[in-house]
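Coordinates from my_file06.txt are shown below (compact mmCIF, C-alpha atoms and all ligand atoms).
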```
# COMPACT_ATOMS: atom_id res chain seq x y z
CA MET A 8 0.00 0.00 0.00
CA GLU A 9 1.29 3.40 -0.99
CA ASN A 10 0.23 5.57 2.03
CA LYS A 11 0.49 8.68 -0.12
CA GLU A 12 -0.48 12.08 1.41
CA PRO A 13 -2.91 13.74 -0.99
CA LEU A 14 -2.31 17.38 -1.83
CA ILE A 15 -5.08 19.44 -0.18
CA ILE A 16 -6.35 22.34 -2.28
CA THR A 17 -8.90 24.80 -0.86
CA ASP A 18 -8.82 27.59 -3.44
CA LYS A 19 -10.77 27.15 -6.68
CA ASP A 20 -8.22 28.95 -8.85
CA ASP A 21 -5.40 26.77 -7.44
CA MET A 22 -7.53 23.71 -8.21
CA ARG A 23 -8.10 24.77 -11.80
CA ARG A 24 -4.37 25.58 -12.25
CA TRP A 25 -3.35 22.14 -10.93
CA SER A 26 -5.76 20.38 -13.25
CA ARG A 27 -4.81 22.39 -16.34
CA SER A 28 -1.14 21.74 -15.68
CA ALA A 29 -1.76 17.98 -15.25
CA ARG A 30 -3.79 17.79 -18.45
CA ALA A 31 -1.19 19.84 -20.35
CA GLN A 32 1.26 17.07 -19.42
CA GLY A 33 -1.04 14.51 -21.02
CA LYS A 34 -2.48 13.13 -17.77
CA ILE A 35 -6.08 11.92 -17.58
CA VAL A 36 -7.70 13.54 -14.54
CA GLY A 37 -10.39 11.54 -12.74
CA PHE A 38 -12.79 13.16 -10.28
CA ILE A 39 -15.04 11.94 -7.45
CA PRO A 40 -17.34 14.54 -5.85
CA THR A 41 -18.30 13.72 -2.24
CA MET A 42 -19.76 15.40 0.81
CA GLY A 43 -17.17 13.78 3.08
CA TYR A 44 -17.49 11.52 6.12
CA LEU A 45 -16.01 8.94 3.82
CA HIS A 46 -16.66 5.21 4.00
CA GLU A 47 -15.79 2.14 1.91
CA GLY A 48 -18.49 3.06 -0.64
CA HIS A 49 -16.66 6.30 -1.44
CA LEU A 50 -13.31 4.49 -1.48
CA SER A 51 -14.67 1.97 -3.98
CA LEU A 52 -15.37 4.93 -6.28
CA VAL A 53 -11.71 5.94 -5.97
CA GLN A 54 -10.66 2.45 -7.06
CA GLU A 55 -13.09 2.61 -9.99
CA CYS A 56 -11.77 6.05 -10.97
CA LYS A 57 -8.21 4.78 -11.05
CA GLN A 58 -9.23 2.31 -13.78
CA HIS A 59 -10.04 5.26 -16.05
CA SER A 60 -7.48 7.96 -15.14
CA ASN A 61 -3.84 8.70 -14.27
CA LEU A 62 -4.56 11.21 -11.49
CA THR A 63 -7.43 11.27 -9.00
CA VAL A 64 -9.14 14.27 -7.40
CA VAL A 65 -11.67 13.78 -4.58
CA SER A 66 -13.73 16.79 -3.53
CA ILE A 67 -15.10 17.08 0.00
CA TYR A 68 -17.79 19.72 0.21
CA VAL A 69 -21.22 19.65 1.86
CA ASN A 70 -23.30 21.53 -0.68
CA PRO A 71 -25.79 23.93 0.98
CA GLY A 72 -27.43 24.52 -2.41
CA GLN A 73 -29.09 21.09 -2.37
CA PHE A 74 -30.57 21.42 1.15
CA SER A 75 -33.82 23.17 2.02
CA PRO A 76 -33.76 25.18 5.25
CA ASN A 77 -35.82 22.39 6.92
CA GLU A 78 -33.39 19.59 6.00
CA ASP A 79 -30.32 18.13 7.73
CA LEU A 80 -27.51 20.45 6.54
CA SER A 81 -26.50 21.43 10.09
CA THR A 82 -26.33 17.82 11.30
CA TYR A 83 -24.64 16.35 8.22
CA PRO A 84 -21.65 14.45 9.68
CA SER A 85 -18.09 15.56 8.98
CA ASP A 86 -14.58 14.39 9.91
CA PHE A 87 -12.04 15.97 7.57
CA ILE A 88 -8.93 14.58 9.33
CA GLY A 89 -10.49 11.10 9.37
CA ASP A 90 -11.35 11.45 5.68
CA ILE A 91 -7.77 12.36 4.78
CA ASN A 92 -6.46 9.38 6.76
CA LYS A 93 -8.85 7.04 4.98
CA LEU A 94 -7.79 8.37 1.59
CA LYS A 95 -4.14 8.10 2.60
CA ASN A 96 -4.29 4.61 4.10
CA LYS A 97 -6.82 2.75 2.02
CA ALA A 98 -7.20 4.26 -1.41
CA ASP A 99 -3.63 4.52 -2.59
CA GLY A 100 -3.34 6.90 -5.46
CA VAL A 101 -5.52 9.89 -4.48
CA ASP A 102 -3.55 12.85 -5.72
CA VAL A 103 -5.68 15.83 -4.67
CA VAL A 104 -8.41 16.51 -2.13
CA PHE A 105 -10.32 19.63 -3.13
CA HIS A 106 -11.85 21.06 0.04
CA PRO A 107 -13.28 24.54 -0.61
CA LYS A 108 -14.62 26.57 2.30
CA ASP A 109 -17.68 27.73 0.37
CA LEU A 110 -18.56 27.87 -3.31
CA TYR A 111 -21.52 30.29 -3.19
CA ASP A 112 -21.89 34.03 -3.30
CA TYR A 113 -24.41 35.06 -0.63
CA GLY A 114 -24.49 38.77 -1.45
CA LYS A 115 -24.39 40.90 1.68
CA HIS A 116 -25.25 37.90 3.83
CA ASP A 117 -22.02 36.10 4.76
CA GLY A 118 -23.13 32.51 5.25
CA VAL A 119 -25.65 29.76 4.77
CA VAL A 120 -29.18 31.14 4.73
CA ASN A 121 -31.55 29.61 7.27
CA ALA A 122 -33.95 32.52 7.61
CA ARG A 123 -36.44 31.73 4.85
CA ARG A 124 -38.58 29.01 6.38
CA ASN A 125 -41.67 31.12 5.68
CA ASP A 126 -40.97 30.97 1.95
CA LEU A 127 -40.67 27.20 2.20
CA GLU A 128 -43.92 26.90 4.11
CA GLU A 129 -45.65 29.08 1.52
CA GLY A 130 -44.55 26.61 -1.17
CA LYS A 131 -41.82 28.77 -2.72
CA VAL A 132 -38.81 26.67 -3.69
CA VAL A 133 -35.77 27.75 -1.68
CA SER A 134 -32.44 26.31 -0.65
CA CYS A 135 -29.90 27.35 1.96
CA VAL A 136 -28.10 29.65 -0.52
CA GLU A 137 -30.96 31.87 -1.66
CA ASN A 138 -31.14 35.23 -0.01
CA SER A 139 -33.72 37.82 -1.09
CA GLY A 140 -32.41 38.17 -4.63
CA GLN A 141 -28.80 38.71 -3.54
CA GLY A 142 -25.86 36.47 -4.40
CA HIS A 143 -26.35 33.13 -6.08
CA GLU A 144 -29.27 32.83 -8.50
CA THR A 145 -28.22 30.55 -11.38
CA TRP A 146 -29.47 26.96 -11.37
CA VAL A 147 -29.00 23.95 -13.64
CA ARG A 148 -32.16 21.87 -13.97
CA VAL A 149 -32.61 18.51 -15.67
CA GLU A 150 -36.28 19.16 -15.98
CA ARG A 151 -37.99 15.77 -16.35
CA LEU A 152 -35.52 13.51 -14.56
CA GLU A 153 -35.32 15.73 -11.48
CA LYS A 154 -39.05 15.49 -10.75
CA GLY A 155 -39.70 11.85 -9.78
CA LEU A 156 -38.50 9.65 -6.90
CA CYS A 157 -36.35 11.71 -4.48
CA GLY A 158 -37.18 14.91 -6.39
CA SER A 159 -40.85 14.69 -5.47
CA SER A 160 -40.15 14.98 -1.72
CA ARG A 161 -37.06 17.22 -2.03
CA PRO A 162 -37.96 19.96 -4.55
CA VAL A 163 -34.61 21.80 -4.53
CA PHE A 164 -32.37 18.77 -4.22
CA PHE A 165 -31.52 17.84 -7.81
CA ARG A 166 -31.17 21.37 -9.14
CA GLY A 167 -28.73 21.87 -6.22
CA VAL A 168 -26.84 18.72 -7.18
CA ALA A 169 -26.74 19.55 -10.91
CA THR A 170 -25.60 23.09 -10.11
CA ILE A 171 -22.81 22.13 -7.70
CA VAL A 172 -21.60 19.37 -10.02
CA THR A 173 -21.50 21.92 -12.86
CA LYS A 174 -19.52 24.31 -10.64
CA LEU A 175 -17.13 21.53 -9.60
CA PHE A 176 -16.71 20.38 -13.21
CA ASN A 177 -15.85 23.97 -14.18
CA ILE A 178 -13.30 24.22 -11.36
CA VAL A 179 -11.72 20.75 -11.46
CA GLU A 180 -11.98 20.34 -15.26
CA PRO A 181 -11.69 16.54 -15.13
CA ASP A 182 -11.65 14.10 -18.04
CA VAL A 183 -13.61 11.46 -16.14
CA ALA A 184 -15.97 11.63 -13.15
CA VAL A 185 -17.33 8.75 -11.07
CA PHE A 186 -20.75 8.68 -9.38
CA GLY A 187 -22.22 5.91 -7.24
CA LYS A 188 -25.27 4.02 -8.44
CA LYS A 189 -26.40 4.12 -4.81
CA ASP A 190 -27.74 7.55 -5.73
CA TYR A 191 -29.22 6.17 -8.91
CA GLN A 192 -31.35 9.15 -9.91
CA GLN A 193 -28.44 11.49 -9.26
CA TRP A 194 -26.14 9.41 -11.51
CA ARG A 195 -28.71 9.40 -14.34
CA ILE A 196 -29.32 13.15 -13.97
CA ILE A 197 -25.60 13.92 -14.19
CA GLU A 198 -25.24 11.64 -17.23
CA ARG A 199 -28.11 13.48 -18.92
CA MET A 200 -26.80 16.92 -17.97
CA VAL A 201 -23.35 16.11 -19.38
CA ARG A 202 -24.94 14.88 -22.61
CA ASP A 203 -27.40 17.78 -22.98
CA LEU A 204 -24.89 20.53 -22.12
CA ASP A 205 -21.88 19.03 -23.98
CA PHE A 206 -19.50 18.71 -21.07
CA GLY A 207 -16.36 16.96 -22.35
CA ILE A 208 -16.38 14.60 -19.36
CA LYS A 209 -16.92 10.82 -19.30
CA ILE A 210 -19.34 9.79 -16.54
CA ILE A 211 -18.83 6.40 -14.88
CA GLY A 212 -21.51 4.76 -12.70
CA ALA A 213 -19.97 2.67 -9.90
CA GLU A 214 -21.71 -0.24 -8.18
CA LEU A 215 -23.39 0.19 -4.80
CA LEU A 216 -21.42 -1.07 -1.79
CA ARG A 217 -23.25 -2.55 1.23
CA ASP A 218 -22.38 -3.39 4.82
CA PRO A 219 -22.37 -7.11 5.74
CA ASP A 220 -25.95 -6.76 7.12
CA GLY A 221 -27.13 -5.60 3.68
CA LEU A 222 -27.60 -1.88 4.44
CA ALA A 223 -26.22 0.43 1.73
CA LYS A 224 -23.15 2.24 3.10
CA SER A 225 -23.95 5.89 3.73
CA SER A 226 -22.48 8.80 5.68
CA ARG A 227 -25.90 9.22 7.31
CA ASN A 228 -25.89 5.64 8.72
CA VAL A 229 -23.92 7.06 11.66
CA HIS A 230 -27.27 8.41 12.94
CA LEU A 231 -28.85 4.92 13.08
CA SER A 232 -28.98 2.80 16.24
CA PRO A 233 -28.19 -0.95 15.93
CA GLU A 234 -31.94 -1.68 16.33
CA GLN A 235 -32.86 0.75 13.54
CA ARG A 236 -30.28 -0.81 11.23
CA LYS A 237 -31.79 -4.25 11.75
CA LYS A 238 -35.41 -3.09 11.09
CA ILE A 239 -34.52 -1.47 7.87
CA VAL A 240 -32.97 -4.48 6.52
CA ASP A 241 -35.86 -6.73 7.63
CA GLN A 242 -38.49 -4.63 5.87
CA GLU A 243 -36.87 -4.81 2.44
CA SER A 244 -39.13 -6.79 0.10
CA LEU A 245 -38.63 -7.68 -3.58
CA GLU A 246 -42.15 -9.10 -4.15
CA VAL A 247 -43.09 -6.43 -6.68
CA LEU A 248 -40.21 -7.49 -8.93
CA GLU A 249 -42.32 -10.42 -10.16
CA GLU A 250 -44.38 -7.89 -12.12
CA ILE A 251 -41.47 -6.37 -14.04
CA LYS A 252 -40.96 -7.50 -17.61
CA SER A 253 -38.16 -5.20 -18.85
CA PRO A 254 -34.88 -3.85 -17.31
CA ALA A 255 -35.79 -1.65 -14.37
CA VAL A 256 -34.46 -0.21 -11.16
CA PHE A 257 -36.01 -0.73 -7.77
CA CYS A 258 -35.56 2.44 -5.65
CA ILE A 259 -36.21 3.19 -2.00
CA ALA A 260 -35.96 6.59 -0.34
CA ALA A 261 -37.34 6.49 3.17
CA TRP A 262 -37.26 8.54 6.33
CA PHE A 263 -36.38 6.37 9.31
CA GLY A 264 -36.73 8.53 12.42
CA ASN A 265 -34.68 11.59 11.46
CA VAL A 266 -32.42 9.76 9.02
CA ARG A 267 -33.16 9.77 5.29
CA LEU A 268 -31.90 6.59 3.61
CA LEU A 269 -31.52 5.59 -0.04
CA ASP A 270 -31.15 2.20 -1.63
CA ASN A 271 -31.72 0.68 -5.05
CA MET A 272 -31.24 -2.43 -7.09
CA GLU A 273 -30.93 -2.81 -10.85
CA ILE A 274 -33.13 -5.57 -12.28
CA VAL A 275 -32.07 -7.33 -15.47
CA VAL A 276 -34.71 -9.52 -17.12
P1 LIG A 301 -22.01 11.59 -0.91
O1 LIG A 301 -20.79 11.91 -0.12
O2 LIG A 301 -23.08 10.88 -0.13
O3 LIG A 301 -22.53 12.77 -1.69
O4 LIG A 301 -21.57 10.53 -2.01
C1 LIG A 301 -20.52 10.81 -2.91
C2 LIG A 301 -20.50 9.75 -3.98
O5 LIG A 301 -20.30 8.47 -3.37
C3 LIG A 301 -21.83 9.67 -4.75
O6 LIG A 301 -21.55 9.47 -6.13
C4 LIG A 301 -22.50 8.48 -4.13
O7 LIG A 301 -23.41 7.85 -5.00
C5 LIG A 301 -21.32 7.59 -3.82
N1 LIG A 301 -21.66 6.63 -2.76
C6 LIG A 301 -22.14 6.90 -1.52
N2 LIG A 301 -22.39 5.76 -0.85
C7 LIG A 301 -22.08 4.73 -1.69
C8 LIG A 301 -22.15 3.30 -1.59
N3 LIG A 301 -22.59 2.69 -0.51
N4 LIG A 301 -21.74 2.59 -2.67
C9 LIG A 301 -21.28 3.20 -3.79
N5 LIG A 301 -21.21 4.53 -3.95
C10 LIG A 301 -21.61 5.29 -2.92
```

Let me see whether you can do it: turn the structure in this file into structure tokens.
Ligand code: AMP
Amino acid sequence: MENKEPLIITDKDDMRRWSRSARAQGKIVGFIPTMGYLHEGHLSLVQECKQHSNLTVVSIYVNPGQFSPNEDLSTYPSDFIGDINKLKNKADGVDVVFHPKDLYDYGKHDGVVNARRNDLEEGKVVSCVENSGQGHETWVRVERLEKGLCGSSRPVFFRGVATIVTKLFNIVEPDVAVFGKKDYQQWRIIERMVRDLDFGIKIIGAELLRDPDGLAKSSRNVHLSPEQRKKIVDQESLEVLEEIKSPAVFCIAAWFGNVRLLDNMEIVV
């Protein structure tokens, strides 16, 4: 095992300079966007990325643009030092960790916006970066794909994801980017966005990694008690699959207490 210290870059211009220089030297730059609190699922994406690139960039950034003010931005787990150690010890070959402080312009307000709950209650679509017409106001929307499944209960989520991925693509300028099929809808949305908007980036979908008890690995699993873990697993049922006659994907997005969990399974017939 290599035990290589990744270079940590926090400034977006430094990130872009590093990437341009690497690509000018003929290197293929691979990219894995994450929100940190890394686990084996994320590390499996690093291994996948290495199959398609010479250099690997992992970003660690919890994106406020995909959270509504009533969602779990403030309790999203983080452990930057632990993340770096995992990347160093387990996933040999991570060259850069891009860890920006914040990627949004908030206008006169100098931080994440939590003050617009009224707008949310009145049915206006807002995220934690919108602030009375100041600062950030440009969004990327994949109009049909963003609506179903997770999009129906989280109205700002996928435009937030598509927008931050666009921003990260413009900063990191990778050749290849890897997304987990655990977040199946997200992977398909990014694929479609890259196709529709002519990004020169190859998108790879990586297989979902589970814990031995069958639960999909997730940063949010840290909020589950051992009893909650067991019940989730027990309630999974594939009975409806008997009805399916063409390739399909079976998706679950469920609140369990205060923890929102995702899982899915591709079905080949
Ligand atoms: P996140 O940090 O949750 O935004 O995830 C970053 C990337 O890791 C996304 O592309 C996820 O789909 C992927 N990912 C998260 N958990 C898993 C898992 N259990 N197996 C495979 N990929 C995963």

Between CA of Gln32 (chain A) and CA of Asn92 (chain A) - distance in Å to one decimal: 28.4 Å

Counting only C-alpha atoms and all ligand atoms, which residue out of A:Ser226, A:Asn61, A:Ser134, A:Ser81 sits closest to ligand LIG 301 (chain A)? A:Ser226

Point-to-point distance from atom C7 of ligand LIG 301 (chain A) to CA of Lys189 (chain A), Å rounded to tenths: 5.4 Å

Mind listing the residues within 9 Å of ligand LIG 301 (chain A), all atoms listed in the file counted, as a ChimeraX atom specification? /A:39-52,67-70,185-191,193-194,212-218,222-227,270

Pick out the closest residue to Val168 (chain A) from this set: A:Glu153, A:Asp102, A:Asp109, A:Asp182. Count all atoms listed in the file.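 Of A:Glu153, A:Asp102, A:Asp109, A:Asp182, the one nearest Val168 (chain A), counting all atoms listed in the file, is A:Glu153.
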
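Counting all atoms listed in the file, the residue from A:Gln73, A:Leu14, A:Ser160, A:Val183 that sits nearest to Trp146 (chain A) is A:Gln73.
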
Restricting the calculation to all atoms listed in the file, which member of A:Ile196, A:Leu156, A:Val149, A:Leu94 is positioned closest to Cys258 (chain A)? A:Leu156

re CA of Gly72 (chain A) and CA of Gly167 (chain A): distance 4.8 Å

Selected residue, from A:Leu269, A:Cys157, A:Ala169, A:Ile197, that lies nearest to Thr145 (chain A) when counting only C-alpha atoms: A:Ala169

Using all atoms listed in the file - which residues lie no farther than 12 Å from the point (-26.0, 16.1, -18.7) in the file's frame? Write them as a PyMOL selection string. chain A and resi 147-150+152-153+168-170+172-173+176+193-210

List as an NGL selection string: which residues have an atom within 12 Å of (-35.1, 7.8, 5.5), counting all atoms listed in the file? :A and (78-79 or 157 or 160 or 225 or 227-228 or 230-231 or 235-236 or 239 or 259-270)

Using all atoms listed in the file for the distances, tell me which of A:Asp18, A:Glu180, A:Glu12, A:Asp220 is nearest to Phe38 (chain A).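 Of all the options, A:Glu180 lies closest to Phe38 (chain A).
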
What would the file be for region 212-224 of chain A if you keep all heavy atoms and write it as a PDB file, in the first residue's frame?
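To be explicit, this is the file written out as out-v9.pdb:
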```pdb
ATOM      1  N   GLY A 212     -20.634   5.166 -13.815  1.00  0.00           N
ATOM      2  CA  GLY A 212     -21.510   4.761 -12.702  1.00  0.00           C
ATOM      3  C   GLY A 212     -20.878   3.585 -11.979  1.00  0.00           C
ATOM      4  O   GLY A 212     -20.584   2.569 -12.602  1.00  0.00           O
ATOM      5  N   ALA A 213     -20.636   3.733 -10.668  1.00  0.00           N
ATOM      6  CA  ALA A 213     -19.969   2.671  -9.897  1.00  0.00           C
ATOM      7  C   ALA A 213     -20.996   1.912  -9.052  1.00  0.00           C
ATOM      8  O   ALA A 213     -21.963   2.500  -8.562  1.00  0.00           O
ATOM      9  CB  ALA A 213     -18.896   3.278  -8.994  1.00  0.00           C
ATOM     10  N   GLU A 214     -20.744   0.617  -8.883  1.00  0.00           N
ATOM     11  CA  GLU A 214     -21.710  -0.240  -8.176  1.00  0.00           C
ATOM     12  C   GLU A 214     -21.872   0.158  -6.715  1.00  0.00           C
ATOM     13  O   GLU A 214     -20.947   0.688  -6.106  1.00  0.00           O
ATOM     14  CB  GLU A 214     -21.266  -1.713  -8.252  1.00  0.00           C
ATOM     15  CG  GLU A 214     -21.243  -2.279  -9.653  1.00  0.00           C
ATOM     16  CD  GLU A 214     -22.564  -2.086 -10.413  1.00  0.00           C
ATOM     17  OE1 GLU A 214     -23.625  -2.222  -9.779  1.00  0.00           O
ATOM     18  OE2 GLU A 214     -22.533  -1.796 -11.614  1.00  0.00           O
ATOM     19  N   LEU A 215     -23.053  -0.137  -6.190  1.00  0.00           N
ATOM     20  CA  LEU A 215     -23.391   0.191  -4.799  1.00  0.00           C
ATOM     21  C   LEU A 215     -22.674  -0.774  -3.838  1.00  0.00           C
ATOM     22  O   LEU A 215     -22.666  -1.975  -4.063  1.00  0.00           O
ATOM     23  CB  LEU A 215     -24.907   0.050  -4.657  1.00  0.00           C
ATOM     24  CG  LEU A 215     -25.623   0.560  -3.432  1.00  0.00           C
ATOM     25  CD1 LEU A 215     -27.118   0.678  -3.745  1.00  0.00           C
ATOM     26  CD2 LEU A 215     -25.433  -0.308  -2.233  1.00  0.00           C
ATOM     27  N   LEU A 216     -22.083  -0.234  -2.799  1.00  0.00           N
ATOM     28  CA  LEU A 216     -21.420  -1.073  -1.793  1.00  0.00           C
ATOM     29  C   LEU A 216     -22.262  -1.138  -0.521  1.00  0.00           C
ATOM     30  O   LEU A 216     -22.762  -0.113  -0.054  1.00  0.00           O
ATOM     31  CB  LEU A 216     -20.052  -0.469  -1.457  1.00  0.00           C
ATOM     32  CG  LEU A 216     -19.012  -1.468  -0.985  1.00  0.00           C
ATOM     33  CD1 LEU A 216     -18.467  -2.279  -2.160  1.00  0.00           C
ATOM     34  CD2 LEU A 216     -17.868  -0.739  -0.291  1.00  0.00           C
ATOM     35  N   ARG A 217     -22.409  -2.358   0.032  1.00  0.00           N
ATOM     36  CA  ARG A 217     -23.246  -2.553   1.233  1.00  0.00           C
ATOM     37  C   ARG A 217     -22.409  -3.007   2.411  1.00  0.00           C
ATOM     38  O   ARG A 217     -21.333  -3.574   2.243  1.00  0.00           O
ATOM     39  CB  ARG A 217     -24.287  -3.655   0.956  1.00  0.00           C
ATOM     40  CG  ARG A 217     -25.268  -3.294  -0.092  1.00  0.00           C
ATOM     41  CD  ARG A 217     -26.169  -4.488  -0.449  1.00  0.00           C
ATOM     42  NE  ARG A 217     -26.985  -4.121  -1.591  1.00  0.00           N
ATOM     43  CZ  ARG A 217     -28.082  -3.386  -1.506  1.00  0.00           C
ATOM     44  NH1 ARG A 217     -28.510  -2.970  -0.340  1.00  0.00           N
ATOM     45  NH2 ARG A 217     -28.748  -3.052  -2.587  1.00  0.00           N
ATOM     46  N   ASP A 218     -22.958  -2.793   3.615  1.00  0.00           N
ATOM     47  CA  ASP A 218     -22.384  -3.387   4.815  1.00  0.00           C
ATOM     48  C   ASP A 218     -22.760  -4.865   4.847  1.00  0.00           C
ATOM     49  O   ASP A 218     -23.686  -5.285   4.147  1.00  0.00           O
ATOM     50  CB  ASP A 218     -22.923  -2.670   6.059  1.00  0.00           C
ATOM     51  CG  ASP A 218     -22.112  -1.416   6.371  1.00  0.00           C
ATOM     52  OD1 ASP A 218     -20.891  -1.426   6.115  1.00  0.00           O
ATOM     53  OD2 ASP A 218     -22.700  -0.430   6.843  1.00  0.00           O
ATOM     54  N   PRO A 219     -22.056  -5.675   5.699  1.00  0.00           N
ATOM     55  CA  PRO A 219     -22.369  -7.111   5.742  1.00  0.00           C
ATOM     56  C   PRO A 219     -23.835  -7.402   6.071  1.00  0.00           C
ATOM     57  O   PRO A 219     -24.381  -8.402   5.629  1.00  0.00           O
ATOM     58  CB  PRO A 219     -21.449  -7.642   6.849  1.00  0.00           C
ATOM     59  CG  PRO A 219     -20.316  -6.676   6.879  1.00  0.00           C
ATOM     60  CD  PRO A 219     -20.879  -5.340   6.508  1.00  0.00           C
ATOM     61  N   ASP A 220     -24.528  -6.502   6.812  1.00  0.00           N
ATOM     62  CA  ASP A 220     -25.945  -6.756   7.123  1.00  0.00           C
ATOM     63  C   ASP A 220     -26.877  -6.346   5.984  1.00  0.00           C
ATOM     64  O   ASP A 220     -28.096  -6.407   6.114  1.00  0.00           O
ATOM     65  CB  ASP A 220     -26.361  -6.068   8.435  1.00  0.00           C
ATOM     66  CG  ASP A 220     -26.261  -4.549   8.372  1.00  0.00           C
ATOM     67  OD1 ASP A 220     -26.000  -3.999   7.281  1.00  0.00           O
ATOM     68  OD2 ASP A 220     -26.457  -3.901   9.416  1.00  0.00           O
ATOM     69  N   GLY A 221     -26.316  -5.889   4.861  1.00  0.00           N
ATOM     70  CA  GLY A 221     -27.133  -5.601   3.683  1.00  0.00           C
ATOM     71  C   GLY A 221     -27.471  -4.125   3.506  1.00  0.00           C
ATOM     72  O   GLY A 221     -27.908  -3.705   2.439  1.00  0.00           O
ATOM     73  N   LEU A 222     -27.261  -3.302   4.538  1.00  0.00           N
ATOM     74  CA  LEU A 222     -27.595  -1.879   4.442  1.00  0.00           C
ATOM     75  C   LEU A 222     -26.594  -1.176   3.519  1.00  0.00           C
ATOM     76  O   LEU A 222     -25.388  -1.419   3.599  1.00  0.00           O
ATOM     77  CB  LEU A 222     -27.537  -1.261   5.844  1.00  0.00           C
ATOM     78  CG  LEU A 222     -28.009   0.179   5.993  1.00  0.00           C
ATOM     79  CD1 LEU A 222     -29.496   0.300   5.691  1.00  0.00           C
ATOM     80  CD2 LEU A 222     -27.715   0.681   7.407  1.00  0.00           C
ATOM     81  N   ALA A 223     -27.116  -0.331   2.605  1.00  0.00           N
ATOM     82  CA  ALA A 223     -26.218   0.429   1.725  1.00  0.00           C
ATOM     83  C   ALA A 223     -25.351   1.351   2.575  1.00  0.00           C
ATOM     84  O   ALA A 223     -25.862   2.059   3.454  1.00  0.00           O
ATOM     85  CB  ALA A 223     -27.044   1.247   0.737  1.00  0.00           C
ATOM     86  N   LYS A 224     -24.041   1.349   2.330  1.00  0.00           N
ATOM     87  CA  LYS A 224     -23.154   2.235   3.095  1.00  0.00           C
ATOM     88  C   LYS A 224     -23.520   3.684   2.815  1.00  0.00           C
ATOM     89  O   LYS A 224     -23.726   4.063   1.662  1.00  0.00           O
ATOM     90  CB  LYS A 224     -21.696   1.983   2.705  1.00  0.00           C
ATOM     91  CG  LYS A 224     -21.118   0.729   3.328  1.00  0.00           C
ATOM     92  CD  LYS A 224     -19.654   0.577   2.958  1.00  0.00           C
ATOM     93  CE  LYS A 224     -19.087  -0.705   3.542  1.00  0.00           C
ATOM     94  NZ  LYS A 224     -18.838  -0.630   4.991  1.00  0.00           N
TER      95      LYS A 224
END
```
